[in-house]
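Shown here: structure_8.csv, CSV, C-alpha atoms.
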```csv
chain,number,residue,atom,x,y,z
B,1142,MET,CA,8.8,138.4,94.3
B,1143,SER,CA,10.4,141.6,93.1
B,1144,PRO,CA,10.8,144.4,95.6
B,1145,ALA,CA,7.9,146.8,95.6
B,1146,ASP,CA,8.3,150.6,95.8
B,1147,PRO,CA,7.4,152.3,99.1
B,1148,ALA,CA,4.2,153.7,97.6
B,1149,GLU,CA,2.9,150.2,96.8
B,1150,ILE,CA,3.8,149.0,100.3
B,1151,TRP,CA,1.9,152.0,101.8
B,1152,THR,CA,-1.1,151.3,99.6
B,1153,TYR,CA,-1.2,147.8,101.0
B,1154,LEU,CA,-0.6,148.8,104.6
B,1155,ARG,CA,-3.2,151.6,104.8
B,1156,GLN,CA,-5.9,149.1,103.7
B,1157,ASP,CA,-4.9,146.4,106.1
B,1158,PRO,CA,-6.4,146.2,109.6
B,1159,LEU,CA,-2.9,145.3,111.0
B,1160,LEU,CA,-1.5,148.8,110.6
B,1161,TRP,CA,-4.2,150.6,112.5
B,1162,LEU,CA,-4.4,147.9,115.2
B,1163,THR,CA,-0.7,148.2,115.8
B,1164,ALA,CA,-0.8,152.0,115.7
B,1165,THR,CA,-3.6,152.0,118.3
B,1166,LEU,CA,-1.5,149.8,120.7
B,1167,VAL,CA,1.7,151.9,120.0
B,1168,ALA,CA,-0.1,155.2,120.6
B,1169,TYR,CA,-1.5,153.9,123.9
B,1170,ALA,CA,1.9,152.5,125.0
B,1171,LEU,CA,3.4,156.0,124.3
B,1172,GLY,CA,0.6,157.6,126.3
B,1173,ASP,CA,1.1,155.3,129.2
B,1174,LEU,CA,4.9,156.0,129.1
B,1175,ALA,CA,4.2,159.8,129.1
B,1176,PHE,CA,1.8,159.3,132.0
B,1177,ARG,CA,4.3,157.3,134.2
B,1178,ARG,CA,7.2,159.7,133.3
B,1179,SER,CA,5.0,162.7,134.4
B,1180,GLY,CA,4.6,161.1,137.9
B,1181,ARG,CA,1.1,160.0,137.0
B,1182,ARG,CA,-0.4,163.5,136.6
B,1183,PRO,CA,-4.1,163.2,135.7
B,1184,LEU,CA,-3.7,165.8,133.0
B,1185,VAL,CA,-1.3,163.5,131.1
B,1186,ASN,CA,-4.0,160.9,130.6
B,1187,PRO,CA,-2.8,157.9,128.4
B,1188,VAL,CA,-6.1,157.8,126.5
B,1189,LEU,CA,-6.1,161.5,125.8
B,1190,VAL,CA,-2.4,161.3,124.6
B,1191,ALA,CA,-3.2,158.3,122.4
B,1192,VAL,CA,-6.3,159.9,120.9
B,1193,VAL,CA,-4.4,163.1,120.0
B,1194,LEU,CA,-1.5,161.1,118.5
B,1195,LEU,CA,-3.8,158.9,116.4
B,1196,ALA,CA,-6.0,161.8,115.3
B,1197,LEU,CA,-2.9,163.7,114.1
B,1198,LEU,CA,-1.7,160.5,112.3
B,1199,LEU,CA,-5.0,160.1,110.5
B,1200,ARG,CA,-5.0,163.7,109.4
B,1201,LEU,CA,-1.3,163.5,108.2
B,1202,THR,CA,-2.0,160.3,106.2
B,1203,ALA,CA,-5.5,161.5,105.0
B,1204,THR,CA,-7.0,158.3,106.4
B,1205,PRO,CA,-10.7,158.2,106.9
B,1206,TYR,CA,-11.9,157.2,110.4
B,1207,GLU,CA,-13.8,154.2,108.9
B,1208,ARG,CA,-10.6,152.7,107.6
B,1209,TYR,CA,-8.9,153.3,110.9
B,1210,PHE,CA,-11.7,151.6,112.7
B,1211,ASP,CA,-11.5,148.5,110.5
B,1212,GLY,CA,-8.2,147.8,112.3
B,1213,ALA,CA,-9.1,149.3,115.7
B,1214,GLN,CA,-12.4,147.4,116.0
B,1215,PHE,CA,-10.6,144.4,117.5
B,1216,VAL,CA,-9.6,146.6,120.5
B,1217,HIS,CA,-13.1,148.2,120.6
B,1218,PHE,CA,-14.8,144.8,120.6
B,1219,MET,CA,-13.2,144.0,124.0
B,1220,LEU,CA,-15.2,146.7,125.7
B,1221,GLY,CA,-18.2,144.4,125.9
B,1222,PRO,CA,-16.4,141.6,127.8
B,1223,ALA,CA,-14.6,144.2,129.9
B,1224,THR,CA,-18.0,145.6,131.0
B,1225,VAL,CA,-19.1,142.2,132.0
B,1226,ALA,CA,-15.8,141.7,133.9
B,1227,LEU,CA,-16.6,144.8,136.1
B,1228,ALA,CA,-18.8,142.3,138.1
B,1229,VAL,CA,-15.7,140.7,139.6
B,1230,PRO,CA,-14.3,143.7,141.6
B,1231,LEU,CA,-17.9,144.6,142.5
B,1232,HIS,CA,-18.4,141.1,144.0
B,1233,ALA,CA,-14.9,141.2,145.7
B,1234,ASN,CA,-16.1,144.3,147.6
B,1235,LEU,CA,-19.4,142.8,148.6
B,1236,ARG,CA,-18.6,142.9,152.3
B,1237,LEU,CA,-17.6,146.5,152.1
B,1238,ILE,CA,-20.9,147.3,150.3
B,1239,ARG,CA,-23.0,145.4,152.9
B,1240,SER,CA,-21.4,147.3,155.8
B,1241,THR,CA,-22.4,150.7,154.5
B,1242,VAL,CA,-25.2,149.9,152.1
B,1243,TRP,CA,-27.6,152.7,152.9
B,1244,PRO,CA,-25.2,155.7,152.8
B,1245,MET,CA,-23.7,154.2,149.6
B,1246,LEU,CA,-27.0,153.7,147.8
B,1247,ALA,CA,-28.2,157.2,148.8
B,1248,ALA,CA,-25.0,158.9,147.7
B,1249,LEU,CA,-25.0,156.8,144.5
B,1250,VAL,CA,-28.5,157.8,143.5
B,1251,ALA,CA,-28.0,161.5,144.5
B,1252,GLY,CA,-24.6,161.7,142.8
B,1253,SER,CA,-25.7,159.9,139.6
B,1254,VAL,CA,-28.9,162.0,139.1
B,1255,THR,CA,-27.0,165.2,139.9
B,1256,ALA,CA,-24.3,164.3,137.3
B,1257,LEU,CA,-26.8,163.6,134.7
B,1258,VAL,CA,-29.3,166.4,135.3
B,1259,THR,CA,-26.7,169.2,135.9
B,1260,ALA,CA,-24.7,168.2,132.8
B,1261,VAL,CA,-27.8,168.4,130.6
B,1262,ALA,CA,-29.2,171.6,132.3
B,1263,ILE,CA,-25.9,173.5,132.2
B,1264,GLY,CA,-25.2,172.4,128.6
B,1265,ALA,CA,-28.7,173.6,127.6
B,1266,ALA,CA,-28.2,176.9,129.4
B,1267,PHE,CA,-25.0,177.4,127.4
B,1268,GLY,CA,-27.0,176.7,124.2
B,1269,LEU,CA,-26.3,173.1,123.5
B,1270,ARG,CA,-29.0,171.2,121.7
B,1271,GLY,CA,-30.1,167.7,120.5
B,1272,GLU,CA,-27.5,165.1,119.8
B,1273,THR,CA,-24.7,167.1,121.5
B,1274,LEU,CA,-26.7,167.4,124.7
B,1275,LEU,CA,-27.7,163.7,124.6
B,1276,SER,CA,-24.0,162.8,124.1
B,1277,LEU,CA,-23.2,164.7,127.2
B,1278,ALA,CA,-25.8,163.0,129.5
B,1279,PRO,CA,-23.8,159.8,130.3
B,1280,LYS,CA,-20.5,161.6,130.8
B,1281,SER,CA,-19.9,160.4,134.3
B,1282,VAL,CA,-20.2,156.7,133.6
B,1283,THR,CA,-17.4,154.3,132.7
B,1284,ALA,CA,-16.7,154.5,129.0
B,1285,PRO,CA,-17.9,151.1,127.7
B,1286,VAL,CA,-21.3,151.7,129.4
B,1287,ALA,CA,-21.5,155.4,128.4
B,1288,LEU,CA,-21.0,154.5,124.8
B,1289,GLY,CA,-23.9,152.0,125.0
B,1290,VAL,CA,-26.1,154.5,126.8
B,1291,SER,CA,-25.3,157.3,124.3
B,1292,GLU,CA,-26.2,155.0,121.4
B,1293,THR,CA,-29.4,153.9,123.1
B,1294,ILE,CA,-30.7,157.5,123.8
B,1295,GLY,CA,-29.7,159.0,120.4
B,1296,GLY,CA,-26.3,160.7,121.2
B,1297,ALA,CA,-23.1,160.4,119.2
B,1298,PRO,CA,-21.0,157.6,120.9
B,1299,ASN,CA,-17.7,159.0,119.5
B,1300,LEU,CA,-18.4,162.4,121.0
B,1301,THR,CA,-19.5,160.7,124.3
B,1302,ALA,CA,-16.2,158.8,124.4
B,1303,VAL,CA,-14.2,162.0,124.5
B,1304,LEU,CA,-16.5,163.7,126.9
B,1305,VAL,CA,-16.3,160.7,129.3
B,1306,ILE,CA,-12.5,160.9,129.2
B,1307,LEU,CA,-12.5,164.7,129.8
B,1308,THR,CA,-14.9,164.2,132.7
B,1309,GLY,CA,-12.7,161.6,134.3
B,1310,ILE,CA,-9.7,163.9,134.0
B,1311,THR,CA,-11.6,166.8,135.4
B,1312,GLY,CA,-12.8,164.8,138.4
B,1313,ALA,CA,-9.3,163.4,139.0
B,1314,ILE,CA,-7.8,166.9,139.0
B,1315,ILE,CA,-10.4,168.7,141.1
B,1316,ALA,CA,-11.5,166.1,143.6
B,1317,THR,CA,-8.7,166.4,146.2
B,1318,PRO,CA,-8.5,170.2,146.3
B,1319,LEU,CA,-12.4,170.5,146.2
B,1320,LEU,CA,-13.0,168.0,149.1
B,1321,ASN,CA,-10.2,169.5,151.2
B,1322,LEU,CA,-11.7,172.9,150.7
B,1323,VAL,CA,-15.1,171.8,152.1
B,1324,ARG,CA,-13.3,169.8,154.8
B,1325,ILE,CA,-14.6,166.3,154.1
B,1326,ARG,CA,-12.3,163.8,155.8
B,1327,ASP,CA,-14.4,160.6,155.5
B,1328,TRP,CA,-12.5,158.5,152.9
B,1329,ARG,CA,-15.5,156.3,152.2
B,1330,ALA,CA,-17.6,159.3,151.2
B,1331,ARG,CA,-14.8,160.9,149.2
B,1332,GLY,CA,-14.1,157.8,147.3
B,1333,LEU,CA,-17.6,156.9,146.5
B,1334,ALA,CA,-18.5,160.4,145.3
B,1335,VAL,CA,-15.5,160.5,143.0
B,1336,GLY,CA,-16.2,157.0,141.6
B,1337,VAL,CA,-19.8,158.0,140.8
B,1338,ALA,CA,-18.8,161.4,139.3
B,1339,ALA,CA,-15.6,160.5,137.5
B,1340,HIS,CA,-15.6,156.7,136.8
B,1341,GLY,CA,-12.3,154.8,136.2
B,1342,ILE,CA,-10.0,157.8,135.9
B,1343,GLY,CA,-11.4,159.2,139.1
B,1344,THR,CA,-11.1,155.8,140.7
B,1345,ALA,CA,-7.4,155.4,139.7
B,1346,ARG,CA,-6.8,158.8,141.2
B,1347,ALA,CA,-8.6,157.9,144.4
B,1348,PHE,CA,-6.4,154.8,144.8
B,1349,GLN,CA,-3.3,157.1,144.6
B,1350,VAL,CA,-4.7,159.2,147.5
B,1351,ASN,CA,-6.1,156.5,149.8
B,1352,GLU,CA,-6.7,152.8,149.7
B,1353,THR,CA,-10.2,153.0,151.2
B,1354,ALA,CA,-11.2,155.8,149.0
B,1355,GLY,CA,-10.0,153.8,146.0
B,1356,ALA,CA,-12.1,150.7,147.0
B,1357,PHE,CA,-15.2,152.9,147.5
B,1358,ALA,CA,-14.5,154.7,144.2
B,1359,GLY,CA,-14.5,151.4,142.4
B,1360,ILE,CA,-17.8,150.4,143.9
B,1361,GLY,CA,-19.3,153.8,143.0
B,1362,MET,CA,-18.1,153.5,139.4
B,1363,GLY,CA,-19.5,149.9,139.1
B,1364,LEU,CA,-22.9,150.8,140.7
B,1365,ASN,CA,-23.2,154.0,138.7
B,1366,ALA,CA,-22.7,152.1,135.5
B,1367,LEU,CA,-25.7,150.0,136.3
B,1368,LEU,CA,-27.9,152.9,137.6
B,1369,THR,CA,-27.2,155.2,134.7
B,1370,ALA,CA,-27.8,152.5,132.2
B,1371,LEU,CA,-31.2,152.1,133.8
B,1372,ILE,CA,-32.2,155.7,134.4
B,1373,ALA,CA,-30.5,157.7,131.5
B,1374,PRO,CA,-32.8,156.3,128.8
B,1375,LEU,CA,-35.8,157.3,131.0
B,1376,ILE,CA,-34.6,160.7,132.1
B,1377,ALA,CA,-32.3,162.1,129.4
B,1378,PRO,CA,-34.5,162.3,126.3
B,1379,TRP,CA,-37.3,163.8,128.4
B,1380,LEU,CA,-34.9,166.3,130.0
B,1381,VAL,CA,-33.4,167.3,126.7
B,1382,ALA,CA,-36.9,167.9,125.2
B,1383,LEU,CA,-37.9,169.9,128.3
B,1384,LEU,CA,-34.8,172.2,128.5
B,1385,ALA,CA,-33.8,172.4,124.8
B,1386,GLY,CA,-36.8,171.3,122.8
W,498,MET,CA,-8.2,131.3,130.0
W,499,ILE,CA,-10.4,130.1,127.1
W,500,VAL,CA,-13.1,128.9,129.5
W,501,ASN,CA,-12.9,132.3,131.3
W,502,LEU,CA,-13.4,134.2,128.1
W,503,VAL,CA,-16.3,131.9,127.2
W,504,VAL,CA,-17.9,132.9,130.6
W,505,LEU,CA,-17.5,136.6,129.8
W,506,LEU,CA,-18.7,136.3,126.2
W,507,ALA,CA,-21.7,134.0,127.2
W,508,CYS,CA,-22.8,136.6,129.8
W,509,GLN,CA,-22.5,139.4,127.2
W,510,LEU,CA,-24.3,137.3,124.6
W,511,ALA,CA,-27.2,136.5,127.0
W,512,GLY,CA,-27.3,140.2,127.9
W,513,GLU,CA,-27.5,141.3,124.3
W,514,VAL,CA,-30.2,138.7,123.6
W,515,ALA,CA,-32.2,139.7,126.7
W,516,ALA,CA,-31.9,143.4,125.8
W,517,ARG,CA,-33.4,142.8,122.4
W,518,ALA,CA,-35.9,140.1,123.4
W,519,PHE,CA,-37.5,142.3,126.1
W,520,GLY,CA,-36.8,145.6,124.5
W,521,LEU,CA,-34.8,146.8,127.5
W,522,PRO,CA,-33.1,150.3,127.2
W,523,VAL,CA,-30.0,149.0,129.0
W,524,PRO,CA,-26.9,148.0,127.0
W,525,GLY,CA,-26.4,144.3,126.6
W,526,PRO,CA,-23.0,144.1,128.3
W,527,VAL,CA,-24.5,145.9,131.4
W,528,ILE,CA,-27.1,143.1,131.7
W,529,GLY,CA,-24.2,140.7,131.1
W,530,MET,CA,-22.4,142.3,134.1
W,531,ALA,CA,-25.5,141.9,136.3
W,532,LEU,CA,-25.8,138.2,135.2
W,533,LEU,CA,-22.1,137.6,136.0
W,534,PHE,CA,-22.6,139.3,139.4
W,535,ALA,CA,-25.6,137.1,140.2
W,536,ALA,CA,-23.5,134.0,139.1
W,537,LEU,CA,-20.7,135.1,141.5
W,538,VAL,CA,-23.1,135.6,144.4
W,539,LEU,CA,-24.6,132.1,143.8
W,540,ARG,CA,-21.1,130.4,143.2
W,541,PRO,CA,-18.4,132.4,144.9
W,542,LYS,CA,-15.8,129.9,143.8
W,543,LEU,CA,-16.2,131.2,140.2
W,544,ALA,CA,-14.6,134.5,141.2
W,545,ALA,CA,-11.1,133.0,142.0
W,546,ARG,CA,-11.3,131.1,138.7
W,547,ILE,CA,-12.0,134.0,136.4
W,548,ALA,CA,-10.2,136.7,138.3
W,549,PRO,CA,-6.8,136.4,136.4
W,550,THR,CA,-8.6,137.0,133.1
W,551,THR,CA,-10.9,139.8,134.3
W,552,SER,CA,-8.1,141.7,136.1
W,553,GLY,CA,-5.9,141.4,133.0
W,554,LEU,CA,-8.8,142.8,131.0
W,555,LEU,CA,-9.6,145.6,133.5
W,556,SER,CA,-6.0,146.7,134.0
W,557,HIS,CA,-6.0,147.7,130.4
W,558,LEU,CA,-9.6,149.1,130.4
W,559,SER,CA,-8.5,152.5,129.3
W,560,LEU,CA,-6.8,151.2,126.1
W,561,LEU,CA,-10.2,149.8,125.0
W,562,PHE,CA,-11.8,153.2,124.6
W,563,VAL,CA,-9.0,154.7,122.4
W,564,PRO,CA,-10.7,153.6,119.1
W,565,ALA,CA,-14.0,155.2,120.0
W,566,GLY,CA,-12.1,158.3,121.3
W,567,VAL,CA,-10.3,158.7,118.0
W,568,GLY,CA,-13.8,159.0,116.5
W,569,VAL,CA,-13.7,162.6,117.8
W,570,VAL,CA,-12.0,163.5,114.5
W,571,GLY,CA,-15.5,163.4,113.1
W,572,HIS,CA,-16.8,165.8,115.7
W,573,LEU,CA,-14.0,168.4,115.7
W,574,ASP,CA,-16.5,171.0,114.3
W,575,THR,CA,-18.8,170.3,117.2
W,576,LEU,CA,-16.0,170.6,119.7
W,577,GLY,CA,-14.8,173.8,118.1
W,578,ARG,CA,-18.3,175.4,118.1
W,579,ASP,CA,-19.5,174.1,121.5
W,580,GLY,CA,-16.2,173.6,123.2
W,581,VAL,CA,-16.8,176.3,125.9
W,582,ALA,CA,-20.3,175.1,126.6
W,583,LEU,CA,-19.1,171.5,126.9
W,584,ILE,CA,-16.2,172.3,129.2
W,585,ALA,CA,-18.4,174.4,131.4
W,586,ALA,CA,-21.0,171.7,131.6
W,587,LEU,CA,-18.4,169.0,132.4
W,588,LEU,CA,-16.6,171.1,135.0
W,589,LEU,CA,-19.7,172.4,136.9
W,590,SER,CA,-21.5,169.1,136.7
W,591,THR,CA,-18.6,167.2,138.1
W,592,VAL,CA,-18.1,169.6,141.0
W,593,ALA,CA,-21.9,169.4,141.8
W,594,ALA,CA,-22.0,165.5,141.5
W,595,ILE,CA,-19.0,165.1,143.8
W,596,LEU,CA,-20.3,167.6,146.5
W,597,VAL,CA,-23.8,166.1,146.4
W,598,GLY,CA,-22.4,162.6,146.6
W,599,VAL,CA,-20.2,163.2,149.7
W,600,TRP,CA,-22.8,165.3,151.6
W,601,VAL,CA,-25.6,162.7,151.0
W,602,PHE,CA,-23.2,159.9,152.0
W,603,LEU,CA,-22.3,161.6,155.3
W,604,ALA,CA,-25.9,162.7,156.1
W,605,VAL,CA,-27.2,159.2,155.7
W,606,ALA,CA,-24.2,157.6,157.5
W,607,ARG,CA,-24.9,160.0,160.5
W,608,LEU,CA,-28.7,159.1,160.3
W,609,MET,CA,-28.0,155.4,160.3
W,610,GLY,CA,-25.2,155.7,162.9
W,611,THR,CA,-22.7,153.9,160.6
W,612,PRO,CA,-19.3,154.1,162.3
W,613,GLU,CA,-16.4,155.4,160.3
```
Any chance you could give the structure as structure tokens?
Amino acid sequence: MSPADPAEIWTYLRQDPLLWLTATLVAYALGDLAFRRSGRRPLVNPVLVAVVLLALLLRLTATPYERYFDGAQFVHFMLGPATVALAVPLHANLRLIRSTVWPMLAALVAGSVTALVTAVAIGAAFGLRGETLLSLAPKSVTAPVALGVSETIGGAPNLTAVLVILTGITGAIIATPLLNLVRIRDWRARGLAVGVAAHGIGTARAFQVNETAGAFAGIGMGLNALLTALIAPLIAPWLVALLAG
Amino acid sequence: MIVNLVVLLACQLAGEVAARAFGLPVPGPVIGMALLFAALVLRPKLAARIAPTTSGLLSHLSLLFVPAGVGVVGHLDTLGRDGVALIAALLLSTVAAILVGVWVFLAVARLMGTPE
């Protein structure tokens, strides 16, 4: 085999799934490194860093998203099994759930409905319509479930993915100052509310602040995934038609 | 490891089939999660068996939504046009959801007399 010139190698690489699969993992590893170097600041979110790096790379190399996804789909596929796996931490916290079942369920329903209704209502008040508004509705749910919900109700899953990440970062940044401001000291309540409103990124932040808060945040995230998957398809299209029809 | 992956994939597959067969609005993997949860309640020993696989998967959960997140390149015009509205909705809605969540939790805990 005679040596090929770089242009030919590039032609091969950009069509092969291997390149974009590798790029996805490298970008995430860099994002994770930046996150740990920053002292785990919520703003330096590994996913956000990875998304920005990859988006710049796609633009620089004039690669269409569809070709990128041919490689990245192997990572994307694992979202399904990962969603199923959320049952395990939920089950591990079963005793904690049983001991405070009513406050938790009440806060779950109230927080979940508030997150959904206020997102759509405020978005509509600011002039958002149709697909964009529907993409916003499941923003507080953990990403794998939010993408599924967005697709089910007629949103744009890719847009939802970014809105979910931004919601998580927002929740992680504001939760501690906000809850200190209103003088809430119950770690169970704080954790659960953050898990419901800001899913995994909020949960990770809650674990940094307090162990109990972290456990309750994880429960809030898991239960909200189930609840939003059930209620969003019933409420969101109706609400969007009502407020922005 | 393989058996554990089969457990997860089988739950997801059953969830996808159930969602379509009964026309449920819930994503298949969420039904799969509920099925696995039911299985764990019925057979608690299963948890210790599959925990190594699931915790490995969940510790890298955020990596898994990078490919979908990169899809934002197709929505940059939406983000540019509606950026302010989207950020306002995210911020205010997150504040509202957190506050309503903690207040309802504390109110019901007080009502039920659940000790801290």
Proximity check region 1207-1299 of chain B to region 526-541 of chain W, 9 Å, nearest pairs one decimal Å, all atoms listed in the file, as CSV:
```
residue,atom,partner,partner_atom,distance
B:Leu1220,CA,W:Pro526,CA,8.6
B:Gly1221,CA,W:Pro526,CA,5.4
B:Pro1222,CA,W:Pro526,CA,7.1
B:Ala1223,CA,W:Pro526,CA,8.6
B:Thr1224,CA,W:Pro526,CA,5.9
B:Val1225,CA,W:Met530,CA,3.9
B:Ala1226,CA,W:Met530,CA,6.6
B:Leu1227,CA,W:Met530,CA,6.6
B:Ala1228,CA,W:Phe534,CA,5.0
B:Val1229,CA,W:Phe534,CA,7.0
B:Leu1231,CA,W:Phe534,CA,7.7
B:His1232,CA,W:Phe534,CA,6.5
B:Pro1285,CA,W:Pro526,CA,8.7
B:Val1286,CA,W:Val527,CA,6.9
B:Gly1289,CA,W:Pro526,CA,8.6
```
Enclosing box along x, y and z for every listed atom of region 603-611 of chain W, padded 8 Å each side, centre and size in Å, one decimal, as JSON:
```
{"center_x": -25.5, "center_y": 158.3, "center_z": 159.1, "size_x": 22.4, "size_y": 24.8, "size_z": 23.6}
```
Q: Please report as number ranges by chain which residues of chain B come no farther than 6 Å from chain W, using all atoms listed in the file.
A: B: 1188, 1192, 1196, 1213, 1216-1217, 1220-1222, 1224-1226, 1228, 1244, 1248, 1252, 1255-1256, 1259-1260, 1263-1264, 1267, 1289, 1299-1300, 1302-1303, 1308, 1330-1331, 1334-1335, 1338, 1370-1371
Q) By how many Å are CA of Val1282 (chain B) and CA of Arg1324 (chain B) apart? A) 25.9 Å
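Rounded to one decimal, CA of Gln1156 (chain B) and CA of Thr1202 (chain B) lie 12.1 Å from each other.
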Q) Interatomic distance between CA of Gly1295 (chain B) and CA of Thr1273 (chain B)? A)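 Interatomic distance here is 9.6 Å.
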Q) Given the choices B:Phe1218, B:Leu1160, B:Val1261, B:Arg1155, which gets closest to Ala1203 (chain B) if the distance is worked out from only C-alpha atoms? A)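 Using only C-alpha atoms, the shortest distance to Ala1203 (chain B) belongs to B:Arg1155.
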(Q) When you count only C-alpha atoms, which of these residues is closest to Leu1249 (chain B): B:Leu1367, B:Ala1316, B:Val1381, B:Ile1325? (A) B:Leu1367
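Among B:Ala1382, B:Ile1306, B:Leu1195, B:Ala1313, the residue with the shortest atom-to-atom distance to Arg1181 (chain B), counting all atoms listed in the file, is B:Ala1313.
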Q) Nearest to Ala1265 (chain B): which of B:Asn1234, B:Leu1154, B:Ala1247, B:Ala1385 is it, counting only C-alpha atoms? A)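 Of B:Asn1234, B:Leu1154, B:Ala1247, B:Ala1385, the one nearest Ala1265 (chain B) is B:Ala1385, counting only C-alpha atoms.
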Kindly complete region 546-557 of chain W to N, CA and C atoms; the output should be written as a tab-separated table (two decimals), in the coordinates of the input.
```tsv
chain	number	residue	atom	x	y	z
W	546	ARG	N	-11.60	131.72	139.97
W	546	ARG	CA	-11.30	131.10	138.70
W	546	ARG	C	-11.13	132.13	137.58
W	547	ILE	N	-12.08	133.06	137.51
W	547	ILE	CA	-12.00	134.00	136.40
W	547	ILE	C	-11.24	135.28	136.69
W	548	ALA	N	-10.85	135.47	137.96
W	548	ALA	CA	-10.20	136.70	138.30
W	548	ALA	C	-8.91	137.02	137.50
W	549	PRO	N	-8.04	136.01	137.19
W	549	PRO	CA	-6.80	136.40	136.40
W	549	PRO	C	-7.22	136.98	135.04
W	550	THR	N	-8.23	136.43	134.39
W	550	THR	CA	-8.60	137.00	133.10
W	550	THR	C	-9.26	138.35	133.23
W	551	THR	N	-10.16	138.50	134.20
W	551	THR	CA	-10.90	139.80	134.30
W	551	THR	C	-9.91	140.89	134.78
W	552	SER	N	-8.97	140.57	135.69
W	552	SER	CA	-8.10	141.70	136.10
W	552	SER	C	-7.14	142.05	135.01
W	553	GLY	N	-6.74	141.07	134.17
W	553	GLY	CA	-5.90	141.40	133.00
W	553	GLY	C	-6.66	142.36	132.09
W	554	LEU	N	-7.92	142.03	131.85
W	554	LEU	CA	-8.80	142.80	131.00
W	554	LEU	C	-8.98	144.24	131.54
W	555	LEU	N	-9.28	144.29	132.86
W	555	LEU	CA	-9.60	145.60	133.50
W	555	LEU	C	-8.39	146.45	133.71
W	556	SER	N	-7.19	145.83	133.82
W	556	SER	CA	-6.00	146.70	134.00
W	556	SER	C	-5.68	147.44	132.73
W	557	HIS	N	-6.22	147.00	131.60
W	557	HIS	CA	-6.00	147.70	130.40
W	557	HIS	C	-7.32	148.32	129.84
```
